[in-house]
>>> print(open('query_35.cif').read())   # mmCIF, C-alpha atoms
data_final
loop_
_atom_site.group_PDB
_atom_site.id
_atom_site.type_symbol
_atom_site.label_atom_id
_atom_site.label_comp_id
_atom_site.auth_asym_id
_atom_site.auth_seq_id
_atom_site.Cartn_x
_atom_site.Cartn_y
_atom_site.Cartn_z
ATOM 1 C CA MET A 1 11.456 -203.088 -99.865
ATOM 2 C CA ASP A 2 10.705 -199.472 -99.016
ATOM 3 C CA ASP A 3 12.620 -196.195 -99.317
ATOM 4 C CA ALA A 4 14.310 -196.693 -95.950
ATOM 5 C CA GLU A 5 16.049 -199.801 -97.268
ATOM 6 C CA LEU A 6 17.626 -198.107 -100.292
ATOM 7 C CA MET A 7 21.404 -197.798 -100.219
ATOM 8 C CA PRO A 8 23.229 -194.480 -99.618
ATOM 9 C CA GLY A 9 23.175 -191.812 -102.307
ATOM 10 C CA ASP A 10 22.501 -188.137 -102.847
ATOM 11 C CA VAL A 11 19.911 -188.502 -105.626
ATOM 12 C CA ASP A 12 16.589 -190.396 -105.524
ATOM 13 C CA LEU A 13 14.691 -191.226 -108.674
ATOM 14 C CA ASP A 14 11.660 -193.031 -110.017
ATOM 15 C CA VAL A 15 12.942 -195.628 -112.481
ATOM 16 C CA THR A 16 11.063 -195.491 -115.790
ATOM 17 C CA HIS A 17 13.214 -197.909 -117.804
ATOM 18 C CA SER A 18 15.975 -200.429 -117.265
ATOM 19 C CA ALA A 19 17.735 -202.861 -119.596
ATOM 20 C CA ILE A 20 18.920 -206.443 -119.496
ATOM 21 C CA ASN A 21 22.642 -206.961 -119.960
ATOM 22 C CA PHE A 22 24.688 -210.153 -120.070
ATOM 23 C CA LYS A 23 26.007 -209.238 -116.624
ATOM 24 C CA ASP A 24 22.424 -209.047 -115.334
ATOM 25 C CA GLY A 25 21.841 -212.531 -116.713
ATOM 26 C CA LEU A 26 24.884 -213.788 -114.838
ATOM 27 C CA ALA A 27 23.611 -212.134 -111.653
ATOM 28 C CA VAL A 28 20.162 -213.669 -111.974
ATOM 29 C CA THR A 29 21.390 -217.180 -112.832
ATOM 30 C CA GLY A 30 24.393 -217.111 -110.510
ATOM 31 C CA GLU A 31 26.565 -218.632 -113.248
ATOM 32 C CA ARG A 32 29.420 -216.268 -112.403
ATOM 33 C CA PRO A 33 30.128 -214.279 -109.223
ATOM 34 C CA VAL A 34 28.910 -210.910 -110.491
ATOM 35 C CA VAL A 35 26.964 -209.900 -107.386
ATOM 36 C CA ARG A 36 29.267 -208.472 -104.706
ATOM 37 C CA ARG A 37 26.798 -208.417 -101.788
ATOM 38 C CA PHE A 38 23.434 -209.883 -100.816
ATOM 39 C CA PRO A 39 20.648 -209.063 -101.045
ATOM 40 C CA MET A 40 21.063 -207.313 -104.411
ATOM 41 C CA ILE A 41 18.747 -205.723 -106.949
ATOM 42 C CA PRO A 42 20.212 -206.454 -110.420
ATOM 43 C CA GLY A 43 20.108 -204.027 -113.318
ATOM 44 C CA VAL A 44 23.337 -202.272 -114.299
ATOM 45 C CA ASP A 45 21.423 -199.754 -116.444
ATOM 46 C CA LEU A 46 18.562 -197.446 -115.538
ATOM 47 C CA ALA A 47 16.800 -194.271 -116.609
ATOM 48 C CA GLY A 48 14.367 -192.213 -114.600
ATOM 49 C CA ARG A 49 13.193 -188.931 -113.124
ATOM 50 C CA VAL A 50 14.822 -187.289 -110.107
ATOM 51 C CA THR A 51 12.537 -186.989 -107.085
ATOM 52 C CA ARG A 52 15.085 -185.751 -104.508
ATOM 53 C CA SER A 53 18.589 -184.373 -104.914
ATOM 54 C CA CYS A 54 21.388 -183.087 -102.710
ATOM 55 C CA HIS A 55 23.747 -182.992 -105.680
ATOM 56 C CA PRO A 56 24.377 -179.601 -107.355
ATOM 57 C CA ASP A 57 24.027 -180.982 -110.918
ATOM 58 C CA PHE A 58 20.514 -182.380 -110.501
ATOM 59 C CA LYS A 59 17.083 -181.234 -109.330
ATOM 60 C CA PRO A 60 13.673 -182.886 -108.992
ATOM 61 C CA GLY A 61 12.088 -183.497 -112.372
ATOM 62 C CA ASP A 62 15.386 -183.994 -114.245
ATOM 63 C CA SER A 63 15.533 -186.984 -116.586
ATOM 64 C CA VAL A 64 18.730 -188.938 -115.995
ATOM 65 C CA VAL A 65 20.539 -192.120 -117.019
ATOM 66 C CA ALA A 66 23.053 -194.286 -115.197
ATOM 67 C CA THR A 67 25.136 -197.319 -116.137
ATOM 68 C CA GLY A 68 28.003 -199.272 -114.583
ATOM 69 C CA CYS A 69 29.627 -197.792 -111.470
ATOM 70 C CA GLY A 70 28.837 -200.960 -109.509
ATOM 71 C CA ILE A 71 25.092 -200.554 -110.019
ATOM 72 C CA GLY A 72 23.442 -203.964 -109.923
ATOM 73 C CA GLU A 73 26.618 -205.526 -108.518
ATOM 74 C CA SER A 74 27.482 -203.786 -105.252
ATOM 75 C CA HIS A 75 24.758 -201.099 -105.255
ATOM 76 C CA TYR A 76 21.029 -201.680 -105.812
ATOM 77 C CA GLY A 77 20.283 -201.435 -109.525
ATOM 78 C CA GLY A 78 17.579 -200.818 -112.079
ATOM 79 C CA PHE A 79 15.278 -203.831 -111.662
ATOM 80 C CA ALA A 80 13.120 -201.767 -109.296
ATOM 81 C CA GLU A 81 10.695 -198.855 -109.369
ATOM 82 C CA LYS A 82 12.932 -196.610 -107.261
ATOM 83 C CA ALA A 83 16.669 -196.023 -106.929
ATOM 84 C CA ARG A 84 19.000 -193.975 -104.759
ATOM 85 C CA LEU A 85 22.357 -193.276 -106.398
ATOM 86 C CA GLN A 86 25.396 -191.035 -106.213
ATOM 87 C CA GLY A 87 24.969 -187.989 -108.447
ATOM 88 C CA ASP A 88 28.484 -188.491 -109.790
ATOM 89 C CA TRP A 89 27.227 -191.674 -111.456
ATOM 90 C CA LEU A 90 24.455 -189.878 -113.349
ATOM 91 C CA ALA A 91 24.195 -188.084 -116.656
ATOM 92 C CA HIS A 92 21.346 -185.918 -117.874
ATOM 93 C CA LEU A 93 19.295 -187.630 -120.563
ATOM 94 C CA PRO A 94 20.852 -186.193 -123.735
ATOM 95 C CA GLU A 95 18.721 -184.059 -126.021
ATOM 96 C CA GLY A 96 17.467 -186.242 -128.849
ATOM 97 C CA LEU A 97 17.250 -189.433 -126.788
ATOM 98 C CA THR A 98 14.121 -190.728 -125.104
ATOM 99 C CA ALA A 99 14.539 -192.792 -121.948
ATOM 100 C CA ALA A 100 13.596 -195.935 -123.896
ATOM 101 C CA ARG A 101 16.221 -195.232 -126.539
ATOM 102 C CA ALA A 102 18.820 -194.388 -123.902
ATOM 103 C CA MET A 103 18.219 -197.764 -122.270
ATOM 104 C CA THR A 104 18.333 -199.470 -125.642
ATOM 105 C CA ALA A 105 21.860 -198.113 -125.735
ATOM 106 C CA GLY A 106 22.697 -198.451 -122.037
ATOM 107 C CA THR A 107 25.949 -200.189 -121.091
ATOM 108 C CA ALA A 108 26.024 -201.915 -124.470
ATOM 109 C CA GLY A 109 25.878 -198.669 -126.434
ATOM 110 C CA LEU A 110 28.307 -196.887 -124.118
ATOM 111 C CA THR A 111 30.787 -199.762 -124.320
ATOM 112 C CA ALA A 112 30.580 -199.776 -128.107
ATOM 113 C CA MET A 113 31.130 -196.005 -128.114
ATOM 114 C CA PHE A 114 34.095 -196.375 -125.753
ATOM 115 C CA CYS A 115 35.550 -198.861 -128.270
ATOM 116 C CA LEU A 116 35.039 -196.464 -131.167
ATOM 117 C CA LEU A 117 36.605 -193.616 -129.186
ATOM 118 C CA ALA A 118 39.593 -195.852 -128.351
ATOM 119 C CA LEU A 119 40.121 -196.650 -132.035
ATOM 120 C CA GLU A 120 39.840 -192.961 -132.902
ATOM 121 C CA ARG A 121 42.338 -192.007 -130.170
ATOM 122 C CA HIS A 122 44.662 -194.589 -131.700
ATOM 123 C CA GLY A 123 44.514 -192.538 -134.895
ATOM 124 C CA LEU A 124 42.605 -194.981 -137.108
ATOM 125 C CA THR A 125 40.130 -193.781 -139.739
ATOM 126 C CA PRO A 126 37.880 -195.513 -142.296
ATOM 127 C CA ALA A 127 40.398 -194.592 -144.989
ATOM 128 C CA ASP A 128 42.889 -196.993 -143.390
ATOM 129 C CA GLY A 129 40.855 -200.114 -144.220
ATOM 130 C CA PRO A 130 37.876 -202.209 -143.114
ATOM 131 C CA ALA A 131 36.724 -202.973 -139.573
ATOM 132 C CA ILE A 132 35.353 -206.125 -137.972
ATOM 133 C CA VAL A 133 32.947 -206.710 -135.070
ATOM 134 C CA THR A 134 32.548 -210.042 -133.269
ATOM 135 C CA GLY A 135 29.390 -211.085 -131.449
ATOM 136 C CA ALA A 136 27.714 -208.672 -133.813
ATOM 137 C CA ALA A 137 24.099 -209.652 -133.121
ATOM 138 C CA GLY A 138 24.476 -209.061 -129.373
ATOM 139 C CA GLY A 139 24.009 -205.775 -127.567
ATOM 140 C CA VAL A 140 27.537 -204.351 -127.722
ATOM 141 C CA GLY A 141 28.126 -205.882 -131.142
ATOM 142 C CA SER A 142 24.948 -204.396 -132.605
ATOM 143 C CA PHE A 143 25.883 -200.914 -131.458
ATOM 144 C CA ALA A 144 29.487 -201.334 -132.591
ATOM 145 C CA VAL A 145 28.301 -202.257 -136.098
ATOM 146 C CA ALA A 146 25.928 -199.276 -136.211
ATOM 147 C CA LEU A 147 28.434 -196.766 -134.814
ATOM 148 C CA LEU A 148 31.328 -197.863 -137.013
ATOM 149 C CA ALA A 149 29.133 -197.863 -140.128
ATOM 150 C CA ARG A 150 27.757 -194.419 -139.259
ATOM 151 C CA ALA A 151 31.352 -193.165 -138.868
ATOM 152 C CA GLY A 152 32.140 -194.334 -142.401
ATOM 153 C CA TRP A 153 33.793 -197.708 -141.814
ATOM 154 C CA ARG A 154 33.213 -200.752 -143.994
ATOM 155 C CA VAL A 155 32.154 -203.267 -141.354
ATOM 156 C CA ALA A 156 32.335 -207.049 -141.358
ATOM 157 C CA ALA A 157 29.942 -208.490 -138.774
ATOM 158 C CA VAL A 158 30.708 -211.863 -137.188
ATOM 159 C CA THR A 159 27.801 -213.893 -135.821
ATOM 160 C CA GLY A 160 26.944 -217.465 -134.985
ATOM 161 C CA ARG A 161 23.363 -216.881 -136.108
ATOM 162 C CA GLY A 162 23.152 -216.791 -139.898
ATOM 163 C CA SER A 163 19.497 -215.781 -139.665
ATOM 164 C CA GLU A 164 20.579 -212.379 -138.333
ATOM 165 C CA GLY A 165 22.166 -211.297 -141.630
ATOM 166 C CA ASP A 166 19.325 -208.973 -142.648
ATOM 167 C CA TYR A 167 19.279 -207.403 -139.174
ATOM 168 C CA LEU A 168 23.038 -206.743 -139.273
ATOM 169 C CA ARG A 169 22.889 -205.291 -142.776
ATOM 170 C CA GLN A 170 20.122 -202.982 -141.578
ATOM 171 C CA LEU A 171 22.536 -201.748 -138.900
ATOM 172 C CA GLY A 172 25.159 -201.025 -141.556
ATOM 173 C CA ALA A 173 27.219 -204.215 -141.944
ATOM 174 C CA ALA A 174 28.715 -204.634 -145.404
ATOM 175 C CA GLU A 175 29.731 -208.279 -144.908
ATOM 176 C CA ILE A 176 28.513 -211.137 -142.692
ATOM 177 C CA LEU A 177 31.044 -213.700 -141.436
ATOM 178 C CA SER A 178 30.304 -216.912 -139.569
ATOM 179 C CA ARG A 179 31.503 -217.336 -136.006
ATOM 180 C CA GLU A 180 33.187 -220.584 -137.035
ATOM 181 C CA SER A 181 35.571 -218.685 -139.326
ATOM 182 C CA LEU A 182 37.323 -217.349 -136.210
ATOM 183 C CA SER A 183 36.579 -219.916 -133.508
ATOM 184 C CA ALA A 184 39.177 -222.590 -134.364
ATOM 185 C CA PRO A 185 42.840 -222.180 -133.308
ATOM 186 C CA GLY A 186 44.947 -220.675 -136.090
ATOM 187 C CA LYS A 187 48.439 -219.480 -136.868
ATOM 188 C CA MET A 188 49.938 -216.638 -134.862
ATOM 189 C CA LEU A 189 50.127 -214.587 -138.089
ATOM 190 C CA GLN A 190 47.471 -214.942 -140.788
ATOM 191 C CA GLU A 191 46.334 -213.098 -143.895
ATOM 192 C CA GLN A 192 45.925 -209.396 -143.109
ATOM 193 C CA LYS A 193 42.250 -208.518 -143.503
ATOM 194 C CA PHE A 194 41.195 -205.751 -141.122
ATOM 195 C CA VAL A 195 42.769 -202.597 -139.732
ATOM 196 C CA ALA A 196 40.358 -202.124 -136.819
ATOM 197 C CA GLY A 197 38.002 -204.211 -134.784
ATOM 198 C CA VAL A 198 35.691 -204.445 -131.804
ATOM 199 C CA ASP A 199 35.857 -207.813 -130.066
ATOM 200 C CA THR A 200 33.172 -208.858 -127.601
ATOM 201 C CA VAL A 201 34.228 -212.508 -127.431
ATOM 202 C CA GLY A 202 37.847 -212.917 -126.323
ATOM 203 C CA GLY A 203 39.584 -216.297 -126.307
ATOM 204 C CA THR A 204 40.546 -217.927 -129.599
ATOM 205 C CA THR A 205 38.392 -215.489 -131.565
ATOM 206 C CA LEU A 206 40.413 -212.524 -130.317
ATOM 207 C CA ALA A 207 43.672 -214.377 -131.009
ATOM 208 C CA ASN A 208 42.596 -214.909 -134.629
ATOM 209 C CA LEU A 209 41.549 -211.269 -134.974
ATOM 210 C CA LEU A 210 44.975 -210.119 -133.824
ATOM 211 C CA ALA A 211 46.599 -212.515 -136.301
ATOM 212 C CA GLN A 212 44.506 -211.036 -139.146
ATOM 213 C CA THR A 213 44.961 -207.363 -138.261
ATOM 214 C CA ARG A 214 46.905 -205.218 -140.710
ATOM 215 C CA PHE A 215 50.103 -203.333 -139.958
ATOM 216 C CA ASP A 216 49.599 -200.664 -137.272
ATOM 217 C CA GLY A 217 45.978 -201.684 -136.805
ATOM 218 C CA ALA A 218 44.179 -202.155 -133.500
ATOM 219 C CA ILE A 219 41.495 -204.275 -131.877
ATOM 220 C CA ALA A 220 39.383 -202.827 -129.057
ATOM 221 C CA ALA A 221 38.547 -205.717 -126.717
ATOM 222 C CA CYS A 222 35.615 -205.438 -124.321
ATOM 223 C CA GLY A 223 34.186 -208.926 -123.728
ATOM 224 C CA ASN A 224 34.999 -212.473 -122.703
ATOM 225 C CA VAL A 225 32.016 -214.679 -123.590
ATOM 226 C CA GLY A 226 34.499 -216.933 -125.432
ATOM 227 C CA GLY A 227 36.784 -217.265 -122.438
ATOM 228 C CA MET A 228 39.344 -215.370 -120.383
ATOM 229 C CA GLU A 229 42.363 -217.064 -121.941
ATOM 230 C CA LEU A 230 44.131 -215.442 -124.900
ATOM 231 C CA PRO A 231 46.069 -218.093 -126.881
ATOM 232 C CA THR A 232 48.300 -215.821 -128.918
ATOM 233 C CA SER A 233 51.947 -214.753 -129.114
ATOM 234 C CA VAL A 234 53.845 -211.507 -129.383
ATOM 235 C CA ALA A 235 54.054 -211.925 -133.184
ATOM 236 C CA PRO A 236 51.176 -209.583 -134.155
ATOM 237 C CA PHE A 237 52.507 -206.919 -131.798
ATOM 238 C CA ILE A 238 56.211 -206.946 -132.662
ATOM 239 C CA LEU A 239 56.060 -207.980 -136.335
ATOM 240 C CA ARG A 240 53.043 -205.960 -137.487
ATOM 241 C CA GLY A 241 52.739 -203.241 -134.849
ATOM 242 C CA VAL A 242 49.223 -204.357 -133.924
ATOM 243 C CA SER A 243 47.715 -202.866 -130.773
ATOM 244 C CA LEU A 244 45.257 -204.459 -128.353
ATOM 245 C CA LEU A 245 43.139 -201.748 -126.751
ATOM 246 C CA GLY A 246 41.428 -202.777 -123.537
ATOM 247 C CA VAL A 247 38.011 -201.187 -122.955
ATOM 248 C CA GLU A 248 36.138 -201.332 -119.635
ATOM 249 C CA SER A 249 32.784 -199.788 -118.805
ATOM 250 C CA VAL A 250 32.361 -200.026 -115.027
ATOM 251 C CA ARG A 251 34.397 -197.184 -113.491
ATOM 252 C CA PRO A 252 32.509 -193.896 -113.101
ATOM 253 C CA ARG A 253 34.761 -191.574 -115.199
ATOM 254 C CA ILE A 254 31.701 -189.358 -115.428
ATOM 255 C CA ALA A 255 33.184 -186.821 -117.873
ATOM 256 C CA LEU A 256 33.857 -189.614 -120.368
ATOM 257 C CA ARG A 257 30.424 -191.104 -119.782
ATOM 258 C CA ARG A 258 28.636 -187.818 -120.345
ATOM 259 C CA ALA A 259 30.671 -187.179 -123.500
ATOM 260 C CA ALA A 260 29.845 -190.672 -124.757
ATOM 261 C CA TRP A 261 26.128 -190.136 -124.131
ATOM 262 C CA THR A 262 26.245 -186.884 -126.089
ATOM 263 C CA ARG A 263 28.026 -188.612 -128.958
ATOM 264 C CA LEU A 264 25.527 -191.492 -128.964
ATOM 265 C CA ALA A 265 22.643 -189.035 -129.194
ATOM 266 C CA ARG A 266 24.375 -187.289 -132.089
ATOM 267 C CA ASP A 267 25.613 -190.303 -134.063
ATOM 268 C CA LEU A 268 22.847 -192.895 -133.818
ATOM 269 C CA ASP A 269 19.805 -192.870 -136.065
ATOM 270 C CA PRO A 270 16.683 -193.221 -133.857
ATOM 271 C CA ALA A 271 15.288 -195.784 -136.313
ATOM 272 C CA ILE A 272 18.424 -197.905 -135.878
ATOM 273 C CA ILE A 273 18.104 -197.728 -132.083
ATOM 274 C CA ASP A 274 14.450 -198.767 -132.267
ATOM 275 C CA ALA A 275 15.330 -201.711 -134.525
ATOM 276 C CA MET A 276 17.557 -203.106 -131.753
ATOM 277 C CA ARG A 277 14.960 -202.901 -128.970
ATOM 278 C CA GLU A 278 12.580 -205.466 -127.576
ATOM 279 C CA SER A 279 10.399 -203.891 -124.887
ATOM 280 C CA VAL A 280 9.368 -206.138 -121.985
ATOM 281 C CA THR A 281 7.393 -205.651 -118.802
ATOM 282 C CA PHE A 282 8.932 -205.852 -115.356
ATOM 283 C CA ASP A 283 7.273 -209.248 -114.836
ATOM 284 C CA GLN A 284 9.181 -210.616 -117.833
ATOM 285 C CA ALA A 285 12.569 -209.327 -116.708
ATOM 286 C CA LEU A 286 13.920 -212.369 -114.877
ATOM 287 C CA ASP A 287 13.074 -214.802 -117.683
ATOM 288 C CA LYS A 288 14.694 -212.481 -120.217
ATOM 289 C CA ALA A 289 17.762 -212.180 -117.998
ATOM 290 C CA ARG A 290 18.082 -215.957 -118.056
ATOM 291 C CA SER A 291 17.632 -215.987 -121.848
ATOM 292 C CA ILE A 292 20.521 -213.600 -122.463
ATOM 293 C CA VAL A 293 22.970 -216.061 -120.874
ATOM 294 C CA ARG A 294 21.834 -218.660 -123.424
ATOM 295 C CA GLY A 295 22.480 -216.223 -126.271
ATOM 296 C CA ALA A 296 18.765 -216.149 -127.043
ATOM 297 C CA ILE A 297 18.335 -212.366 -127.232
ATOM 298 C CA ARG A 298 18.901 -210.227 -130.309
ATOM 299 C CA GLY A 299 19.937 -206.630 -129.717
ATOM 300 C CA ARG A 300 18.596 -205.161 -126.492
ATOM 301 C CA ALA A 301 15.762 -206.018 -124.110
ATOM 302 C CA VAL A 302 14.431 -202.894 -122.373
ATOM 303 C CA ILE A 303 12.262 -203.108 -119.251
ATOM 304 C CA VAL A 304 9.409 -200.586 -119.238
ATOM 305 C CA MET A 305 8.504 -199.737 -115.644
ATOM 306 C CA PRO A 306 5.055 -198.537 -114.498
ATOM 307 C CA ALA A 307 6.471 -195.027 -113.972
ATOM 308 C CA ALA A 308 7.148 -194.826 -117.721
ATOM 309 C CA GLU A 309 3.434 -194.217 -118.296
ATOM 310 C CA ASP A 310 3.920 -190.738 -116.855
ATOM 311 C CA ALA A 311 7.287 -190.108 -118.580
#
>>> encode(input="query_35.cif", output="structure tokens")
Amino acid sequence: MDDAELMPGDVDLDVTHSAINFKDGLAVTGERPVVRRFPMIPGVDLAGRVTRSCHPDFKPGDSVVATGCGIGESHYGGFAEKARLQGDWLAHLPEGLTAARAMTAGTAGLTAMFCLLALERHGLTPADGPAIVTGAAGGVGSFAVALLARAGWRVAAVTGRGSEGDYLRQLGAAEILSRESLSAPGKMLQEQKFVAGVDTVGGTTLANLLAQTRFDGAIAACGNVGGMELPTSVAPFILRGVSLLGVESVRPRIALRRAAWTRLARDLDPAIIDAMRESVTFDQALDKARSIVRGAIRGRAVIVMPAAEDA
């Protein structure tokens, strides 16, 4: 493809880094109908340098990041050396974040931050009790563990990979729970264990989390790898005042996105971000995208583009 084939937008950029998300894996394998048009360049996350701009917020040479907003689904995404996007989808690379670290965060880090912000808007604090994160060794889960721990929460990390215990403790987890402890159907109300949670799984796991949430607690739900069904009842909501907070990360909502990027740059230890990253070349991207669907990736896989050599 050449520049003439890029889709409409008011900002052009050289892509220096992209990242591989679960949604990218679904696009590449075709296991779910993620792609909205064909042909499509996957890659819902990208970072790069502006080369042309008709948008008042950006000028050539600016370092920018973009996630969601239909990128990689209905608009050509980050698995390419060049991109043309709407300026309203972009944020300046925050001070304190390199492009590689920004892509280590990417949609996963932003989604985890959106979950933390939702819990904070709900009025919950670490003084109220412990928190739990499901799918903790994945991208969103890893960032949720790190962000909650950095904010002062005692975090229980749920994973199906017992070998990841040391990794999760390095991120800040105080307790490691097996995936099986939440994967079997349980009672609608169970022992109250947690006051807050970030769920990346859905299905029976989310139902059990709701049943174990303390009075007036809340679970921020952002994923469905365990299924779209939610086999629960109204009991946690009307008998314990539990709240289910839905979190989505696709719509532009650029003010929220830019605020979340600023908060990520402020709250995350660079060493923690680096511990989550596996850097891969562009030629390795498609195989890694297939691997993420099999649950074979820890943390985040970041694609380093040729243009990164000059970044």
>>> closest_atom_pairs(input="query_35.cif", of="stretch 80-136 of chain A", to="stretch 192-216 of chain A", cutoff="8 Å", atoms="all atoms listed in the file", output="tab-separated table")
residue	atom	partner	partner_atom	distance
A:Ala112	CA	A:Val198	CA	7.8
A:Cys115	CA	A:Val198	CA	6.6
A:Leu119	CA	A:Ala196	CA	7.3
A:Leu124	CA	A:Ala196	CA	7.5
A:Asp128	CA	A:Val195	CA	6.7
A:Gly129	CA	A:Val195	CA	5.5
A:Pro130	CA	A:Phe194	CA	5.2
A:Ala131	CA	A:Ala196	CA	4.6
A:Ile132	CA	A:Gly197	CA	4.6
A:Val133	CA	A:Val198	CA	4.8
A:Thr134	CA	A:Asp199	CA	5.1
A:Gly135	CA	A:Thr200	CA	5.8
>>> resolve_selection(input="query_35.cif", expression="the PyMOL selection byres ((chain A and resi 34) around 12)", output="list in words")
Phe22, Lys23, Asp24, Gly25, Leu26, Ala27, Val28, Thr29, Gly30, Glu31, Arg32, Pro33, Val35, Arg36, Arg37, Phe38, Met40, Ile41, Pro42, Gly43, Val44, Gly70, Ile71, Gly72, Glu73, Ser74 and His75 of chain A
>>> atom_distance(input="query_35.cif", atom1="atom CA of A:Ala108", atom2="atom CA of A:Arg84")
22.4 Å
>>> closest_residue(input="query_35.cif", among="A:Thr159, A:Gly9, A:Val15, A:Ala99", to="A:His55", atoms="only C-alpha atoms")
A:Gly9
>>> atom_distance(input="query_35.cif", atom1="atom CA of A:Arg240", atom2="atom CA of A:Ala220")
16.4 Å
>>> resolve_selection(input="query_35.cif", expression="the PyMOL selection byres ((chain A and resi 53) around 10)", output="MDAnalysis selection string")
chainID A and resid 9:13 50:52 54:62 84:87
>>> resolve_selection(input="query_35.cif", expression="the PyMOL selection byres ((chain A and resi 98) around 12)", output="PyMOL selection string")
chain A and resi 16-17+47-48+63-65+92-97+99-106+265+270+273-274+308+311
>>> write_last_selection(input="query_35.cif", atoms="C-alpha atoms", output="PDB file, in the frame of the given file")
ATOM      1  CA  THR A  16      11.063-195.491-115.790  1.00  0.00           C
ATOM      2  CA  HIS A  17      13.214-197.909-117.804  1.00  0.00           C
ATOM      3  CA  ALA A  47      16.800-194.271-116.609  1.00  0.00           C
ATOM      4  CA  GLY A  48      14.367-192.213-114.600  1.00  0.00           C
ATOM      5  CA  SER A  63      15.533-186.984-116.586  1.00  0.00           C
ATOM      6  CA  VAL A  64      18.730-188.938-115.995  1.00  0.00           C
ATOM      7  CA  VAL A  65      20.539-192.120-117.019  1.00  0.00           C
ATOM      8  CA  HIS A  92      21.346-185.918-117.874  1.00  0.00           C
ATOM      9  CA  LEU A  93      19.295-187.630-120.563  1.00  0.00           C
ATOM     10  CA  PRO A  94      20.852-186.193-123.735  1.00  0.00           C
ATOM     11  CA  GLU A  95      18.721-184.059-126.021  1.00  0.00           C
ATOM     12  CA  GLY A  96      17.467-186.242-128.849  1.00  0.00           C
ATOM     13  CA  LEU A  97      17.250-189.433-126.788  1.00  0.00           C
ATOM     14  CA  ALA A  99      14.539-192.792-121.948  1.00  0.00           C
ATOM     15  CA  ALA A 100      13.596-195.935-123.896  1.00  0.00           C
ATOM     16  CA  ARG A 101      16.221-195.232-126.539  1.00  0.00           C
ATOM     17  CA  ALA A 102      18.820-194.388-123.902  1.00  0.00           C
ATOM     18  CA  MET A 103      18.219-197.764-122.270  1.00  0.00           C
ATOM     19  CA  THR A 104      18.333-199.470-125.642  1.00  0.00           C
ATOM     20  CA  ALA A 105      21.860-198.113-125.735  1.00  0.00           C
ATOM     21  CA  GLY A 106      22.697-198.451-122.037  1.00  0.00           C
ATOM     22  CA  ALA A 265      22.643-189.035-129.194  1.00  0.00           C
ATOM     23  CA  PRO A 270      16.683-193.221-133.857  1.00  0.00           C
ATOM     24  CA  ILE A 273      18.104-197.728-132.083  1.00  0.00           C
ATOM     25  CA  ASP A 274      14.450-198.767-132.267  1.00  0.00           C
ATOM     26  CA  ALA A 308       7.148-194.826-117.721  1.00  0.00           C
ATOM     27  CA  ALA A 311       7.287-190.108-118.580  1.00  0.00           C
TER      28      ALA A 311
END
>>> axis_aligned_box(input="query_35.cif", around="stretch 117-127 of chain A", padding_each_side="3 Å", output="AutoDock Vina command-line options")
--center_x 40.6 --center_y -194.3 --center_z -136.7 --size_x 14.1 --size_y 10.6 --size_z 22.6
>>> closest_residue(input="query_35.cif", among="A:Ser249, A:Ser243, A:Ser181, A:Ser291", to="A:Phe114", atoms="all atoms listed in the file")
A:Ser249
>>> residues_near_point(input="query_35.cif", point="(48.7, -216.4, -127.4)", cutoff="9 Å", atoms="all atoms listed in the file", output="list of chain:residue names")
A:Met188, A:Thr204, A:Ala207, A:Glu229, A:Leu230, A:Pro231, A:Thr232, A:Ser233, A:Val234
>>> closest_residue(input="query_35.cif", among="A:Ile20, A:Val140, A:Ala174, A:Ile272", to="A:Arg290", atoms="all atoms listed in the file")
A:Ile20
>>> residues_near_point(input="query_35.cif", point="(32.5, -199.2, -118.0)", cutoff="7 Å", atoms="all atoms listed in the file", output="PyMOL selection string")
chain A and resi 68+111+248-251
>>> residues_around(input="query_35.cif", residues="stretch 281-284 of chain A", least_positions_apart="3", cutoff="9 Å", atoms="all atoms listed in the file", output="PyMOL selection string")
chain A and resi 79-80+287-289+302-306
>>> atom_distance(input="query_35.cif", atom1="atom CA of A:Ala173", atom2="atom CA of A:Arg161")
14.5 Å
>>> closest_residue(input="query_35.cif", among="A:Ala144, A:Ala66, A:Ala19, A:Arg49", to="A:Leu264", atoms="all atoms listed in the file")
A:Ala144
>>> closest_residue(input="query_35.cif", among="A:Gly165, A:Leu116, A:Gly223, A:Val242", to="A:Trp153", atoms="only C-alpha atoms")
A:Leu116
>>> closest_residue(input="query_35.cif", among="A:Leu46, A:Val247, A:Val158, A:Val293", to="A:Ile219", atoms="all atoms listed in the file")
A:Val247
